[in-house]
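Below: the structure, in structure tokens.
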Amino acid sequence: MIGLLLILLSVFQVENSFYGEINFYKKNQKTTIEKNELRYFAKNNSIRLEEKKNEFFLLREDGNVYVLQDINTNIFFEKALFPGNKEIFNLLKPGHVWGKVAEISPDDDQWIKKEDIFNDVEIVTISNSNTYFEEQGFKTTYWLHKEYKLPMKRERVTLNEGYSLTDVIEISINEEELNDDLFVAPENNNNYKITTKTTKKDFFLPEEILGTTRQRTFYLNTHKLEEEETKGAFVSYLSKEKDAYIYMVYFQHGLKSENFKIIKKSFDLDLDGWLMDLPEITDGWSLKILSNYPKPILRQHLKTLALKNQLSDSGA
Amino acid sequence: MFFSENRNKAFLAEVRKGLQGQKKPKRVKDILCDLIENEKPKVPELSGMTKNSKIDIFGIVDQKIKIQQRKLAINSFAGVSFSTLAICLMSISYFGWGYVRDTFRNNTDMANSLNKVEQASQTGLSGGVSDFNTLLLEDPFLT
């Protein structure tokens, strides 16, 4: 009976909804660097992360959605393209870190656990022992809110050439019943999917001429139950030897600027470099190039490629 | 004003002086316009005045016309040159800046760009969330 009560209590706790801010930054000996913040909302295994107003990520068990309200678009990411999903999810999921900490035996010499009361809030602290820190060169500390079973702060200290560098994550927690609408992608938006799978469309991929190998190709498909159609493709070439990147973004006409905006926002393409348009590379499609590679040289490569294709009548 | 203010006053004074006791010329404005358009038109009404005058009106008008034509030529040349220069500068900045910057770019900037590209390619995320993700990796309670 008591066990059942505890389970019910635990379920009640897990289904509670929370919101707040996550501040994350790094500290070296004296200065704070790379400071950033996000807003979060958590409810029933769904998490909403807001970087900017009207632009947010929905992290869910069944997939992730990036919502761009300014162009009324929902982008569904394939899970493979979102490797950090699991960690964020686990950090903000009530009970997850708490459960892992509870599993640690009091006899474990790698960890030191203690309980404190700070500003009338009961806090459980767990930290790697100094011996562990000296041996491994890094140390993790968590401060957990005992009632909400959520982390309030995490610090990871690493030794870098004799100096310590600390990653800090601070989470403010406000308990409130949140509306389910916060965790649903808007219905009136266009749905697209960023995937590694194409749908019946070949693109010309000039590895040899660019002198570097293709790294990845992503496709922008319409996201519909009945049929998916490729509307854009994104090919990235990275050359470590030449410290250069070349992104080739293919667009289907009509959706040109929208496609580019979607891909640019999805892949954080706010990069140093230049942009060039190559109109109508093949029927109904255009190509946009983003690169930091010297432009005249790349233009020459592409002209040669176009000429070659014209002569061979390959249609690329 | 066709003449400068002082020259204009002097000219009008001279005209008034020259016309004293003579028949008042008709359509002075029209005549002046004719003077500009036709370099030396014959104006019978002014013939008596110009003979007696110390000022060579036709000379002044000729000089004025030449100055105006010279000014016009200089202005046109300056306008065309400025526009050409502006277009050239804009073209160079648009087409050439990327090349110049990339050619002389510092290696650290290149490495940062490359890291950013790789990170974006790996996470599929933008901005702060991408940075946040890297902080969470290798955490013993999260991975």
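The chains in the structure tokens are called A, B, ... from first to last as shown; in each chain the residues are counted from 1, and the ligands are counted from 1 in the order shown.
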
Using DSSP on the backbone coordinates, identify the residues of range 66-306 of chain A assigned to helix (DSSP H, G or I); present them as a count of residues only.
60

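By chain and then residue number, the residues within 12 Å of Thr166 in chain A are Phe24, Tyr25, Lys26, Lys27, Asn28, Gln29, Lys30, Thr31, Thr32, Ile33, Glu34, Gly137, Phe138, Lys139, Thr140, Thr141, Arg154, Glu155, Arg156, Val157, Thr158, Leu159, Asn160, Tyr163, Ser164, Val168 and Ile169 of chain A; Leu135 of chain B, counting only C-alpha atoms and disregarding those fewer than 2 positions away in sequence.
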
Compute the chain A side of the contact with chain B at 7 Å, counting only C-alpha atoms, and hand it back as a ChimeraX atom specification.
/A:36,51,81-84,87,90-91,97,100,243-245,265-268,271-274,292-295

All residues 10 Å or closer to range 219-222 of chain A, only C-alpha atoms, same chain fewer than 6 positions away omitted, as a list in words
Ile75, Phe76, Phe77, Asn190, Asn191, Tyr192, Lys193, Ile194, Thr195, Thr196, Lys197, Thr198, Thr199, Glu228, Glu229, Thr230, Lys231, Gly232, Ala233, Phe234, Val235, Val249, Tyr250, Phe251, Asn259, Phe260, Ile262 and Ile263 of chain A

Would you please give, as a ChimeraX atom specification, all residues of range 179-213 of chain A that DSSP assigns to strand (DSSP E or B) based on the backbone?
/A:190-195
